[in-house]
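The data block below is final38.txt; it holds compact mmCIF, C-alpha atoms and all ligand atoms.
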# COMPACT_ATOMS: atom_id res chain seq x y z
CA MET A 593 36.84 -11.45 21.00
CA VAL A 594 38.01 -9.37 18.00
CA SER A 595 37.48 -5.62 17.83
CA ALA A 596 34.20 -4.11 16.65
CA LYS A 597 35.75 -2.91 13.38
CA SER A 598 36.67 -6.48 12.38
CA ASP A 599 34.32 -8.59 10.35
CA MET A 600 34.03 -12.13 11.80
CA VAL A 601 33.10 -15.09 9.53
CA SER A 602 32.69 -18.57 10.98
CA ARG A 603 32.70 -21.80 9.00
CA SER A 604 32.39 -24.91 11.16
CA ASP A 605 35.13 -24.51 13.75
CA ILE A 606 37.33 -22.10 11.79
CA SER A 607 36.95 -18.40 12.44
CA VAL A 608 38.20 -15.75 10.06
CA SER A 609 38.63 -12.16 11.14
CA ILE A 610 39.15 -9.52 8.48
CA PRO A 611 40.52 -6.38 10.13
CA VAL A 612 40.58 -3.12 8.20
CA THR A 613 43.21 -1.28 10.22
CA LEU A 614 46.68 -2.23 11.43
CA VAL A 615 45.68 -1.68 15.04
CA ASP A 616 42.66 -3.99 14.66
CA ALA A 617 44.84 -6.64 13.03
CA GLN A 618 47.31 -6.57 15.88
CA GLN A 619 44.58 -6.55 18.49
CA SER A 620 43.07 -9.65 16.90
CA LYS A 621 46.47 -11.33 17.03
CA LEU A 622 46.97 -10.46 20.67
CA GLN A 623 43.46 -11.55 21.63
CA LEU A 624 43.25 -14.78 19.64
CA LYS A 625 45.53 -17.31 21.29
CA GLU A 626 46.06 -19.36 18.13
CA GLY A 627 45.49 -16.49 15.69
CA VAL A 628 47.59 -16.56 12.54
CA TYR A 629 48.02 -13.75 10.00
CA VAL A 630 47.29 -14.85 6.45
CA ALA A 631 48.39 -12.74 3.47
CA GLY A 632 48.50 -14.76 0.21
CA GLY A 633 48.28 -18.01 2.19
CA THR A 634 50.66 -19.82 -0.18
CA LEU A 635 53.33 -20.72 2.37
CA LEU A 636 50.81 -21.52 5.08
CA GLN A 637 49.01 -23.81 2.66
CA LEU A 638 52.27 -25.65 1.94
CA ASN A 639 52.90 -26.05 5.66
CA TRP A 640 49.36 -27.24 6.38
CA GLU A 641 49.60 -29.76 3.54
CA ALA A 642 52.84 -30.95 5.10
CA ASN A 643 50.86 -31.76 8.26
CA GLU A 644 51.71 -28.69 10.29
CA ALA A 645 48.83 -28.00 12.69
CA MET A 646 46.30 -25.72 11.00
CA SER A 647 45.20 -22.73 13.04
CA LYS A 648 41.47 -22.41 13.57
CA GLN A 649 41.77 -18.65 13.99
CA ILE A 650 42.64 -16.97 10.74
CA ILE A 651 43.38 -13.24 10.61
CA SER A 652 43.16 -12.23 6.97
CA LEU A 653 45.32 -9.21 6.11
CA ASN A 654 43.66 -8.76 2.75
CA ASN A 655 41.64 -5.66 3.65
CA LEU A 656 44.63 -3.69 4.90
CA THR A 657 44.76 -1.74 1.66
CA GLU A 658 47.35 0.68 3.04
CA LEU A 659 49.90 -2.18 2.78
CA LYS A 660 49.56 -2.56 -0.98
CA ASP A 661 51.65 0.29 -2.46
CA ILE A 662 55.11 0.61 -4.00
CA GLU A 663 56.45 4.16 -3.58
CA VAL A 664 59.68 6.10 -3.91
CA ILE A 665 60.25 8.06 -0.70
CA LYS A 666 62.64 10.88 0.18
CA GLU A 667 62.90 11.57 3.93
CA GLY A 668 65.72 14.04 4.58
CA GLN A 669 68.89 12.29 3.45
CA LYS A 670 67.10 8.94 3.13
CA HIS A 671 65.99 7.91 -0.33
CA PHE A 672 64.33 4.52 -0.62
CA VAL A 673 61.68 2.39 -2.28
CA LYS A 674 58.89 1.45 0.12
CA ILE A 675 57.05 -1.77 -0.69
CA GLY A 676 53.86 -2.46 1.26
CA ALA A 677 53.85 -5.90 2.88
CA LEU A 678 50.80 -7.02 0.90
CA THR A 679 52.38 -6.28 -2.48
CA THR A 680 52.50 -9.54 -4.41
CA ILE A 681 55.71 -10.94 -5.87
CA ASN A 682 54.11 -10.53 -9.29
CA GLU A 683 53.46 -6.82 -8.65
CA CYS A 684 57.12 -6.40 -7.61
CA LEU A 685 58.17 -8.10 -10.85
CA HIS A 686 56.09 -5.82 -13.05
CA SER A 687 56.56 -2.54 -11.23
CA SER A 688 58.38 0.15 -13.22
CA ILE A 689 59.65 1.61 -9.92
CA MET A 690 61.21 -1.73 -8.96
CA THR A 691 62.76 -2.20 -12.39
CA LYS A 692 64.27 1.28 -12.28
CA TYR A 693 65.48 1.39 -8.66
CA CYS A 694 65.88 -2.26 -7.58
CA PRO A 695 66.80 -4.43 -10.60
CA LEU A 696 68.64 -6.96 -8.41
CA PHE A 697 65.49 -7.44 -6.36
CA VAL A 698 63.45 -8.01 -9.52
CA THR A 699 65.87 -10.79 -10.49
CA ALA A 700 65.20 -12.48 -7.14
CA CYS A 701 61.42 -12.20 -7.67
CA GLN A 702 61.76 -13.97 -11.02
CA ASN A 703 63.17 -16.94 -9.10
CA ILE A 704 60.37 -17.24 -6.56
CA ALA A 705 57.80 -19.98 -7.24
CA ALA A 706 55.69 -20.11 -10.44
CA PRO A 707 53.54 -17.34 -11.99
CA ALA A 708 50.27 -18.61 -10.49
CA VAL A 709 51.78 -18.66 -6.98
CA ARG A 710 53.44 -15.26 -7.51
CA ASN A 711 49.98 -13.75 -8.18
CA LEU A 712 48.94 -14.57 -4.61
CA ALA A 713 52.23 -14.69 -2.72
CA THR A 714 53.10 -11.44 -0.99
CA LEU A 715 56.52 -9.99 -0.30
CA GLY A 716 55.42 -9.52 3.32
CA GLY A 717 54.70 -13.25 3.66
CA ASN A 718 58.04 -14.08 2.08
CA VAL A 719 59.92 -11.86 4.52
CA ALA A 720 57.82 -12.63 7.62
CA SER A 721 58.44 -16.37 7.09
CA ARG A 722 62.16 -15.62 7.71
CA ILE A 723 63.15 -18.21 5.08
CA GLY A 724 61.91 -16.64 1.82
CA ASP A 725 64.15 -16.44 -1.22
CA SER A 726 63.85 -12.64 -1.19
CA LEU A 727 65.83 -12.38 2.05
CA PRO A 728 69.44 -12.88 0.80
CA VAL A 729 68.89 -10.03 -1.67
CA LEU A 730 67.24 -7.80 0.91
CA LEU A 731 70.25 -8.42 3.17
CA VAL A 732 72.78 -7.35 0.55
CA LEU A 733 70.64 -4.33 -0.33
CA ASP A 734 70.76 -3.38 3.38
CA ALA A 735 66.97 -3.17 3.40
CA GLU A 736 64.85 -2.21 6.38
CA ILE A 737 61.41 -3.24 7.55
CA THR A 738 58.71 -1.28 9.29
CA CYS A 739 56.61 -3.32 11.66
CA LEU A 740 54.14 -3.04 14.48
CA ILE A 741 55.18 -4.79 17.69
CA ASN A 742 52.88 -4.54 20.69
CA GLY A 743 51.27 -1.42 19.23
CA GLU A 744 54.58 0.31 18.56
CA LYS A 745 55.71 1.11 15.02
CA LYS A 746 59.41 0.42 14.46
CA THR A 747 61.78 0.60 11.50
CA LYS A 748 64.85 -1.62 11.65
CA LYS A 749 67.41 -3.26 9.41
CA ILE A 750 66.41 -6.71 8.22
CA SER A 751 69.82 -7.99 9.32
CA GLU A 752 69.05 -6.90 12.90
CA TRP A 753 65.47 -8.14 12.88
CA LEU A 754 66.52 -11.62 11.72
CA LYS A 755 68.73 -11.94 14.80
CA GLU A 756 65.84 -11.16 17.16
CA SER A 757 63.57 -13.85 18.53
CA ARG A 758 60.05 -14.05 17.10
CA ASP A 759 57.41 -11.82 18.66
CA SER A 760 53.87 -13.16 18.30
CA SER A 761 52.41 -9.66 17.85
CA PHE A 762 54.80 -8.85 14.96
CA LEU A 763 52.93 -7.30 12.02
CA LEU A 764 55.02 -6.43 8.99
CA ILE A 765 54.00 -3.14 7.39
CA ASP A 766 56.56 -2.46 4.68
CA ILE A 767 60.00 -3.27 3.30
CA ARG A 768 62.36 -0.39 2.49
CA ILE A 769 65.13 -0.74 -0.09
CA PRO A 770 67.64 2.14 0.00
CA TYR A 771 68.31 3.82 -3.31
CA LYS A 772 71.93 3.43 -4.41
CA GLU A 773 73.33 6.37 -6.34
CA LYS A 774 76.73 4.77 -6.90
CA GLN A 775 77.36 2.03 -9.43
CA PHE A 776 77.47 -1.45 -7.89
CA SER A 777 78.22 -4.90 -9.25
CA TYR A 778 75.71 -7.46 -8.07
CA TYR A 779 74.30 -10.95 -8.54
CA TYR A 780 71.56 -13.25 -7.32
CA LYS A 781 71.60 -17.02 -7.85
CA LYS A 782 69.22 -19.70 -6.70
CA VAL A 783 69.93 -23.40 -7.12
CA GLY A 784 67.14 -25.96 -6.79
CA ARG A 785 66.66 -29.64 -7.51
CA ARG A 786 65.04 -28.87 -10.83
CA GLU A 787 65.59 -25.87 -13.04
CA ALA A 788 62.35 -24.09 -12.10
CA PHE A 789 59.45 -23.96 -9.62
CA THR A 790 61.35 -25.74 -6.91
CA PRO A 791 62.51 -24.96 -3.37
CA ALA A 792 66.07 -23.71 -3.20
CA ILE A 793 69.03 -25.83 -2.19
CA VAL A 794 70.60 -22.42 -1.56
CA SER A 795 70.04 -18.84 -2.72
CA VAL A 796 73.00 -16.47 -2.72
CA SER A 797 73.38 -12.79 -3.43
CA GLY A 798 76.15 -10.24 -3.36
CA MET A 799 77.08 -6.69 -4.24
CA TRP A 800 80.17 -4.49 -4.14
CA ARG A 801 81.79 -1.52 -5.84
CA PHE A 802 85.26 -0.38 -6.75
CA GLU A 803 86.54 3.13 -6.19
CA LYS A 804 90.06 4.07 -7.25
CA GLY A 805 90.99 0.40 -7.36
CA GLU A 806 89.65 -0.18 -3.85
CA LEU A 807 86.92 -2.72 -3.11
CA LEU A 808 84.17 -1.01 -1.09
CA ASP A 809 80.77 -1.84 0.40
CA VAL A 810 81.05 -5.56 -0.24
CA ARG A 811 78.04 -7.48 1.03
CA LEU A 812 77.40 -11.21 0.61
CA ALA A 813 74.40 -13.19 1.85
CA VAL A 814 73.15 -16.78 1.76
CA GLY A 815 69.69 -18.26 2.38
CA GLY A 816 67.04 -20.32 0.58
CA GLY A 817 65.45 -23.66 1.49
CA SER A 818 65.15 -23.80 5.28
CA HIS A 819 68.32 -21.78 5.89
CA GLU A 820 68.24 -18.78 8.14
CA PRO A 821 69.35 -16.05 5.73
CA VAL A 822 72.65 -14.53 6.85
CA ARG A 823 75.28 -12.03 5.76
CA LEU A 824 78.77 -13.54 5.48
CA TYR A 825 80.48 -10.83 7.51
CA GLN A 826 83.81 -12.67 7.95
CA VAL A 827 84.15 -13.34 4.23
CA GLU A 828 83.24 -9.70 3.51
CA GLU A 829 85.98 -8.51 5.91
CA LEU A 830 88.53 -10.77 4.27
CA LEU A 831 87.66 -9.42 0.81
CA LYS A 832 87.61 -5.80 2.00
CA LYS A 833 91.13 -6.09 3.42
CA ASP A 834 92.63 -6.83 0.06
CA GLY A 835 90.14 -8.59 -2.16
CA CYS A 836 92.28 -8.81 -5.24
CA GLU A 837 95.13 -10.54 -3.41
CA TYR A 838 93.16 -13.53 -2.16
CA SER A 839 92.98 -16.90 -3.83
CA SER A 840 89.61 -18.46 -4.55
CA GLU A 841 90.68 -21.47 -2.39
CA LEU A 842 91.04 -19.26 0.68
CA VAL A 843 87.72 -17.49 0.08
CA PHE A 844 86.05 -20.87 -0.55
CA SER A 845 87.26 -22.26 2.80
CA LYS A 846 86.13 -19.07 4.61
CA ILE A 847 82.63 -19.43 3.16
CA ILE A 848 82.48 -23.11 4.18
CA ASN A 849 83.50 -22.11 7.72
CA GLU A 850 81.08 -19.22 8.10
CA PHE A 851 77.93 -20.59 6.47
CA ASN A 852 75.88 -22.94 8.71
CA SER A 853 73.76 -25.32 6.68
CA TYR A 854 71.53 -28.33 7.35
CA SER A 855 70.91 -31.83 6.04
CA ASP A 856 67.60 -33.29 4.84
CA SER A 857 66.51 -36.37 2.86
CA PHE A 858 67.94 -34.93 -0.34
CA PHE A 859 71.26 -33.24 0.49
CA ASN A 860 73.60 -33.02 3.43
CA ASP A 861 74.91 -29.78 4.89
CA GLN A 862 78.38 -30.23 3.35
CA TYR A 863 76.90 -30.40 -0.13
CA ARG A 864 74.80 -27.26 0.42
CA LYS A 865 77.83 -25.39 1.77
CA LYS A 866 79.87 -26.35 -1.30
CA VAL A 867 77.09 -25.27 -3.66
CA ALA A 868 76.88 -21.88 -1.92
CA ALA A 869 80.65 -21.43 -1.93
CA ASN A 870 80.96 -22.39 -5.61
CA LEU A 871 78.19 -19.99 -6.62
CA ILE A 872 79.74 -17.09 -4.72
CA ILE A 873 83.27 -17.83 -5.94
CA SER A 874 82.17 -18.07 -9.55
CA GLU A 875 80.60 -14.60 -9.32
CA LEU A 876 83.59 -13.06 -7.52
CA LYS A 877 85.99 -14.66 -9.99
CA LYS A 878 84.30 -12.86 -12.85
CA GLN A 879 85.48 -9.62 -11.30
CA PHE A 880 88.26 -9.72 -8.82
CA ILE A 881 89.61 -12.85 -7.13
CA TYR A 882 91.96 -15.39 -8.65
C1 LIG B 901 54.17 -24.24 -5.26
C2 LIG B 901 54.88 -23.25 -4.35
C3 LIG B 901 56.16 -22.85 -4.67
C4 LIG B 901 56.85 -21.95 -3.84
N1 LIG B 901 58.11 -21.55 -4.21
C5 LIG B 901 58.77 -20.65 -3.44
C6 LIG B 901 60.06 -20.19 -3.83
O1 LIG B 901 60.61 -20.58 -4.86
N2 LIG B 901 60.70 -19.30 -3.00
C7 LIG B 901 60.12 -18.83 -1.85
O2 LIG B 901 60.74 -18.02 -1.16
N3 LIG B 901 58.89 -19.25 -1.47
C8 LIG B 901 58.20 -20.14 -2.24
N4 LIG B 901 56.94 -20.56 -1.86
C9 LIG B 901 56.40 -20.11 -0.59
C10 LIG B 901 55.51 -18.84 -0.67
O3 LIG B 901 54.78 -18.81 -1.87
C11 LIG B 901 56.29 -17.53 -0.56
O4 LIG B 901 57.19 -17.55 0.53
C12 LIG B 901 55.34 -16.33 -0.42
O5 LIG B 901 56.01 -15.12 -0.69
C13 LIG B 901 54.66 -16.26 0.93
O6 LIG B 901 53.74 -15.17 0.89
P1 LIG B 901 52.22 -15.34 1.32
O7 LIG B 901 51.60 -14.00 1.18
O8 LIG B 901 51.56 -16.44 0.58
O9 LIG B 901 52.43 -15.73 2.85
P2 LIG B 901 51.42 -16.50 3.81
O10 LIG B 901 51.42 -17.94 3.48
O11 LIG B 901 50.12 -15.79 3.91
O12 LIG B 901 52.20 -16.25 5.21
C14 LIG B 901 53.50 -16.78 5.41
C15 LIG B 901 53.90 -16.48 6.86
O13 LIG B 901 54.09 -15.07 7.05
C16 LIG B 901 53.16 -14.56 8.02
N5 LIG B 901 52.74 -13.26 7.50
C17 LIG B 901 52.28 -12.97 6.26
N6 LIG B 901 52.13 -11.64 6.10
C18 LIG B 901 52.52 -11.07 7.27
C19 LIG B 901 52.61 -9.72 7.75
N7 LIG B 901 52.29 -8.66 6.97
N8 LIG B 901 53.06 -9.52 9.02
C20 LIG B 901 53.41 -10.56 9.82
N9 LIG B 901 53.35 -11.85 9.43
C21 LIG B 901 52.91 -12.10 8.17
C22 LIG B 901 52.05 -15.60 8.12
O14 LIG B 901 51.44 -15.58 9.41
C23 LIG B 901 52.84 -16.88 7.88
O15 LIG B 901 53.50 -17.27 9.06
C24 LIG B 901 56.22 -21.44 -2.67
C25 LIG B 901 54.91 -21.84 -2.37
C26 LIG B 901 54.24 -22.74 -3.19
C27 LIG B 901 52.83 -23.12 -2.85
Show the structure stored in the file as structure tokens.
Ligand SMILES: Cc1cc2nc3c(=O)[nH]c(=O)nc-3n(C[C@H](O)[C@H](O)[C@H](O)COP(=O)(O)OP(=O)(O)OC[C@H]3O[C@@H](n4cnc5c(N)ncnc54)[C@H](O)[C@@H]3O)c2cc1C
Amino acid sequence: MVSAKSDMVSRSDISVSIPVTLVDAQQSKLQLKEGVYVAGGTLLQLNWEANEAMSKQIISLNNLTELKDIEVIKEGQKHFVKIGALTTINECLHSSIMTKYCPLFVTACQNIAAPAVRNLATLGGNVASRIGDSLPVLLVLDAEITCLINGEKKTKKISEWLKESRDSSFLLIDIRIPYKEKQFSYYYKKVGRREAFTPAIVSVSGMWRFEKGELLDVRLAVGGGSHEPVRLYQVEELLKKDGCEYSSELVFSKIINEFNSYSDSFFNDQYRKKVAANLIISELKKQFIY
């Protein structure tokens, strides 16, 4: 069933394939009807413990060593940090490249899970899940992903990819954070039910810069919990028009209108929307709205 280069291990009725190349990994996924990619396995484990059906066909990504690097890349005019999908959250946290080029992203990593989980949890798994706490930050950083879909390698903006429907052959290769030469203001905030080691009620992030008194490149994003991470384009437009002139009440109501939330046993959608709006407003107020 899996390609010759893959190493197949069977325990009772669970099969584990361990491909060593990207092409083998994708072929396994296409051939195995119920095949599931496993990187750190931390999110899948949570889901399986929560009674989600466990796949009997595991495709371990662990031997794809080419997905484990953090590099600074210059391609023509493009200057970015490339993070292999199998890089753990802990490696992102302790990388000197990340600290130098992507300090906002490092702040987000500090807020993901607990140290023991961060040792296993990969950035690729966080992104591929489409609900990870890294996504609001990656949206405001205008990050891109490189992936393999049906044998074709593609690089696209995360904001675009999140709008696409899921493709079962999708294999995430790397995450690319553009290097920003200009000075930006930025923030990342996550609110959970307890202070630490808890799923988010919401995670928010934002960045912007001023040039000659003009507000430029403002980007705001919300995610966390089971939210689909999204940019708040309408709020951004409002602020860009004349950020300093708007009242916090108006911006608050725009956020409530634009951000779609959900209710669960703990909080309803209205509460989550208010938390997100209050977090964003408090950060904007520090700098430019009244
Ligand atoms: C106690 C605990 C606390 C947690 N707290 C947080 C938290 O605060 N914030 C947060 O965001 N998450 C949290 N998580 C969830 C999880 O740890 C993270 O989302 C983690 O980054 C997932 O990475 P992983 O490598 O373990 O993914 P896995 O569990 O291996 O995979 C997750 C999903 O991504 C897919 N996948 C993985 N890699 C790829 C790839 N390269 N290409 C295509 N698909 C891929 C898998 O098929 C699966 O669907 C927590 C988990 C636990 C157990």
Residues near Leu659 in chain A, cut-off 8 Å, only C-alpha atoms, skip fewer than 6 positions along chain, as an mmCIF file with C-alpha atoms, keeping the file's coordinate frame:
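File produced: out-v8.cif:
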data_model
loop_
_atom_site.group_PDB
_atom_site.id
_atom_site.type_symbol
_atom_site.label_atom_id
_atom_site.label_comp_id
_atom_site.auth_asym_id
_atom_site.auth_seq_id
_atom_site.Cartn_x
_atom_site.Cartn_y
_atom_site.Cartn_z
ATOM 1 C CA ILE A 675 57.050 -1.770 -0.690
ATOM 2 C CA GLY A 676 53.860 -2.460 1.260
ATOM 3 C CA ALA A 677 53.850 -5.900 2.880
ATOM 4 C CA LEU A 678 50.800 -7.020 0.900
ATOM 5 C CA THR A 679 52.380 -6.280 -2.480
ATOM 6 C CA ILE A 765 54.000 -3.140 7.390
ATOM 7 C CA ASP A 766 56.560 -2.460 4.680
#
**OP:** Using all atoms listed in the file, find the one residue out of A:Leu712, A:Cys694, A:Val608, A:Ile689 that sits nearest to ligand LIG 901 (chain B).
**Re:**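 Closest to ligand LIG 901 (chain B) of all the choices is A:Leu712.
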**OP:** Mind checking which residues fall within 9 Å of range 621-637 of chain A, counting only C-alpha atoms, ignoring those fewer than 5 positions away in the same chain, and posting them as a ChimeraX atom specification?
**Re:** /A:593-594,616,642,644,646-654,677-678,680,709,711-714,716-718,721,742,760-763
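Going from CA of Lys749 in chain A over to CA of Gly805 in chain A, you cover 29.2 Å.
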**OP:** Find the spatial neighbours of Ile723 in chain A, counting all atoms listed in the file, within a cut-off of 7 Å - ignore same-chain residues fewer than 4 positions away - and output them as a VMD selection string.
**Re:** chain A and resid 816 to 821
Original post:
Interatomic distance between CA of Asn849 in chain A and CA of Tyr825 in chain A?
Top reply: 11.7 Å
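Note that the spacing between atom N1 of ligand LIG 901 (chain B) and CA of Leu731 in chain A amounts to 19.3 Å.
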Subject >> Non-local contacts of Asn870 in chain A (10 Å; all atoms listed in the file; under 4 positions in same chain excluded) as a list in words >> reply: Ser840, Phe844, Ile847, Ile848, Arg864, Lys865, Lys866, Ser874, Glu875 and Leu876 of chain A
Take the residues from that selection and put them in a file with C-alpha atoms, as an mmCIF file, keeping the file's coordinate frame.
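Result file out.cif:
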data_model
loop_
_atom_site.group_PDB
_atom_site.id
_atom_site.type_symbol
_atom_site.label_atom_id
_atom_site.label_comp_id
_atom_site.auth_asym_id
_atom_site.auth_seq_id
_atom_site.Cartn_x
_atom_site.Cartn_y
_atom_site.Cartn_z
ATOM 1 C CA SER A 840 89.610 -18.460 -4.550
ATOM 2 C CA PHE A 844 86.050 -20.870 -0.550
ATOM 3 C CA ILE A 847 82.630 -19.430 3.160
ATOM 4 C CA ILE A 848 82.480 -23.110 4.180
ATOM 5 C CA ARG A 864 74.800 -27.260 0.420
ATOM 6 C CA LYS A 865 77.830 -25.390 1.770
ATOM 7 C CA LYS A 866 79.870 -26.350 -1.300
ATOM 8 C CA SER A 874 82.170 -18.070 -9.550
ATOM 9 C CA GLU A 875 80.600 -14.600 -9.320
ATOM 10 C CA LEU A 876 83.590 -13.060 -7.520
#
Original post:
Which is closest to Ile769 in chain A among A:Thr738, A:Thr657, A:Asn860, A:Ser757, if we use only C-alpha atoms?
Top reply: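 Of A:Thr738, A:Thr657, A:Asn860, A:Ser757, the one nearest Ile769 in chain A is A:Thr738, counting only C-alpha atoms.
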Original post:
Of the candidates A:Leu715, A:Ala705, A:Val783, A:Leu696, which shows the shortest atom-to-atom distance to Val729 in chain A, using all atoms listed in the file?
Top reply: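 Of all the options, A:Leu696 lies closest to Val729 in chain A.
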**OP:** Find, counting all atoms listed in the file, the residue in A:Ala645, A:Ile681, A:Val732, A:Ile662 that gets nearest to ligand LIG 901 (chain B).
**Re:**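 Smallest separation from ligand LIG 901 (chain B) among the options: A:Ile681.
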Subject >> Residue among A:Leu733, A:Ala792, A:Leu812, A:Val615 lying closest to ligand LIG 901 (chain B), counting only C-alpha atoms and all ligand atoms >> reply: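 Nearest to ligand LIG 901 (chain B): A:Ala792.
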Subject >> Counting all atoms listed in the file, the option among A:Leu831, A:Val796, A:Leu740, A:Val673 closest to Thr699 in chain A >> reply: A:Val796
Polymer residues at most 9 Å from Ile704 in chain A, all atoms listed in the file, same-chain spacing of 2 or more positions, as a PDB file with C-alpha atoms, in the frame of the given file:
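What follows is the written file part.pdb:
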ATOM      1  CA  ILE A 681      55.710 -10.940  -5.870  1.00  0.00           C
ATOM      2  CA  ALA A 700      65.200 -12.480  -7.140  1.00  0.00           C
ATOM      3  CA  CYS A 701      61.420 -12.200  -7.670  1.00  0.00           C
ATOM      4  CA  GLN A 702      61.760 -13.970 -11.020  1.00  0.00           C
ATOM      5  CA  ALA A 706      55.690 -20.110 -10.440  1.00  0.00           C
ATOM      6  CA  PRO A 707      53.540 -17.340 -11.990  1.00  0.00           C
ATOM      7  CA  VAL A 709      51.780 -18.660  -6.980  1.00  0.00           C
ATOM      8  CA  ARG A 710      53.440 -15.260  -7.510  1.00  0.00           C
ATOM      9  CA  GLY A 724      61.910 -16.640   1.820  1.00  0.00           C
ATOM     10  CA  ASP A 725      64.150 -16.440  -1.220  1.00  0.00           C
ATOM     11  CA  SER A 726      63.850 -12.640  -1.190  1.00  0.00           C
ATOM     12  CA  PHE A 789      59.450 -23.960  -9.620  1.00  0.00           C
ATOM     13  CA  THR A 790      61.350 -25.740  -6.910  1.00  0.00           C
ATOM     14  CA  PRO A 791      62.510 -24.960  -3.370  1.00  0.00           C
TER      15      PRO A 791
END
Mind rebuilding range 609-620 of chain A with N, CA, C and O atoms and writing that out as a tab-separated table (two decimals), in the frame of the given file?
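This went into selection_12.tsv:
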chain	number	residue	atom	x	y	z
A	609	SER	N	38.89	-13.58	10.90
A	609	SER	CA	38.63	-12.16	11.14
A	609	SER	C	39.31	-11.37	10.02
A	609	SER	O	40.38	-11.75	9.53
A	610	ILE	N	38.64	-10.29	9.63
A	610	ILE	CA	39.15	-9.52	8.48
A	610	ILE	C	39.29	-8.06	8.92
A	610	ILE	O	38.43	-7.24	8.63
A	611	PRO	N	40.36	-7.75	9.63
A	611	PRO	CA	40.52	-6.38	10.13
A	611	PRO	C	40.75	-5.40	8.98
A	611	PRO	O	41.26	-5.78	7.92
A	612	VAL	N	40.38	-4.14	9.24
A	612	VAL	CA	40.58	-3.12	8.20
A	612	VAL	C	41.63	-2.09	8.61
A	612	VAL	O	41.96	-1.20	7.84
A	613	THR	N	42.12	-2.17	9.83
A	613	THR	CA	43.21	-1.28	10.22
A	613	THR	C	44.33	-2.11	10.86
A	613	THR	O	44.09	-3.22	11.35
A	614	LEU	N	45.53	-1.53	10.86
A	614	LEU	CA	46.68	-2.23	11.43
A	614	LEU	C	46.46	-2.52	12.91
A	614	LEU	O	46.77	-3.60	13.40
A	615	VAL	N	45.88	-1.53	13.60
A	615	VAL	CA	45.68	-1.68	15.04
A	615	VAL	C	44.70	-2.83	15.31
A	615	VAL	O	44.92	-3.68	16.17
A	616	ASP	N	43.63	-2.88	14.50
A	616	ASP	CA	42.66	-3.99	14.66
A	616	ASP	C	43.33	-5.33	14.41
A	616	ASP	O	43.08	-6.31	15.12
A	617	ALA	N	44.18	-5.37	13.38
A	617	ALA	CA	44.84	-6.64	13.03
A	617	ALA	C	45.68	-7.11	14.21
A	617	ALA	O	45.62	-8.27	14.62
A	618	GLN	N	46.44	-6.17	14.78
A	618	GLN	CA	47.31	-6.57	15.88
A	618	GLN	C	46.51	-6.94	17.12
A	618	GLN	O	46.85	-7.89	17.83
A	619	GLN	N	45.42	-6.20	17.34
A	619	GLN	CA	44.58	-6.55	18.49
A	619	GLN	C	44.02	-7.96	18.35
A	619	GLN	O	43.99	-8.73	19.30
A	620	SER	N	43.59	-8.30	17.15
A	620	SER	CA	43.07	-9.65	16.90
A	620	SER	C	44.14	-10.67	17.24
A	620	SER	O	43.87	-11.69	17.88
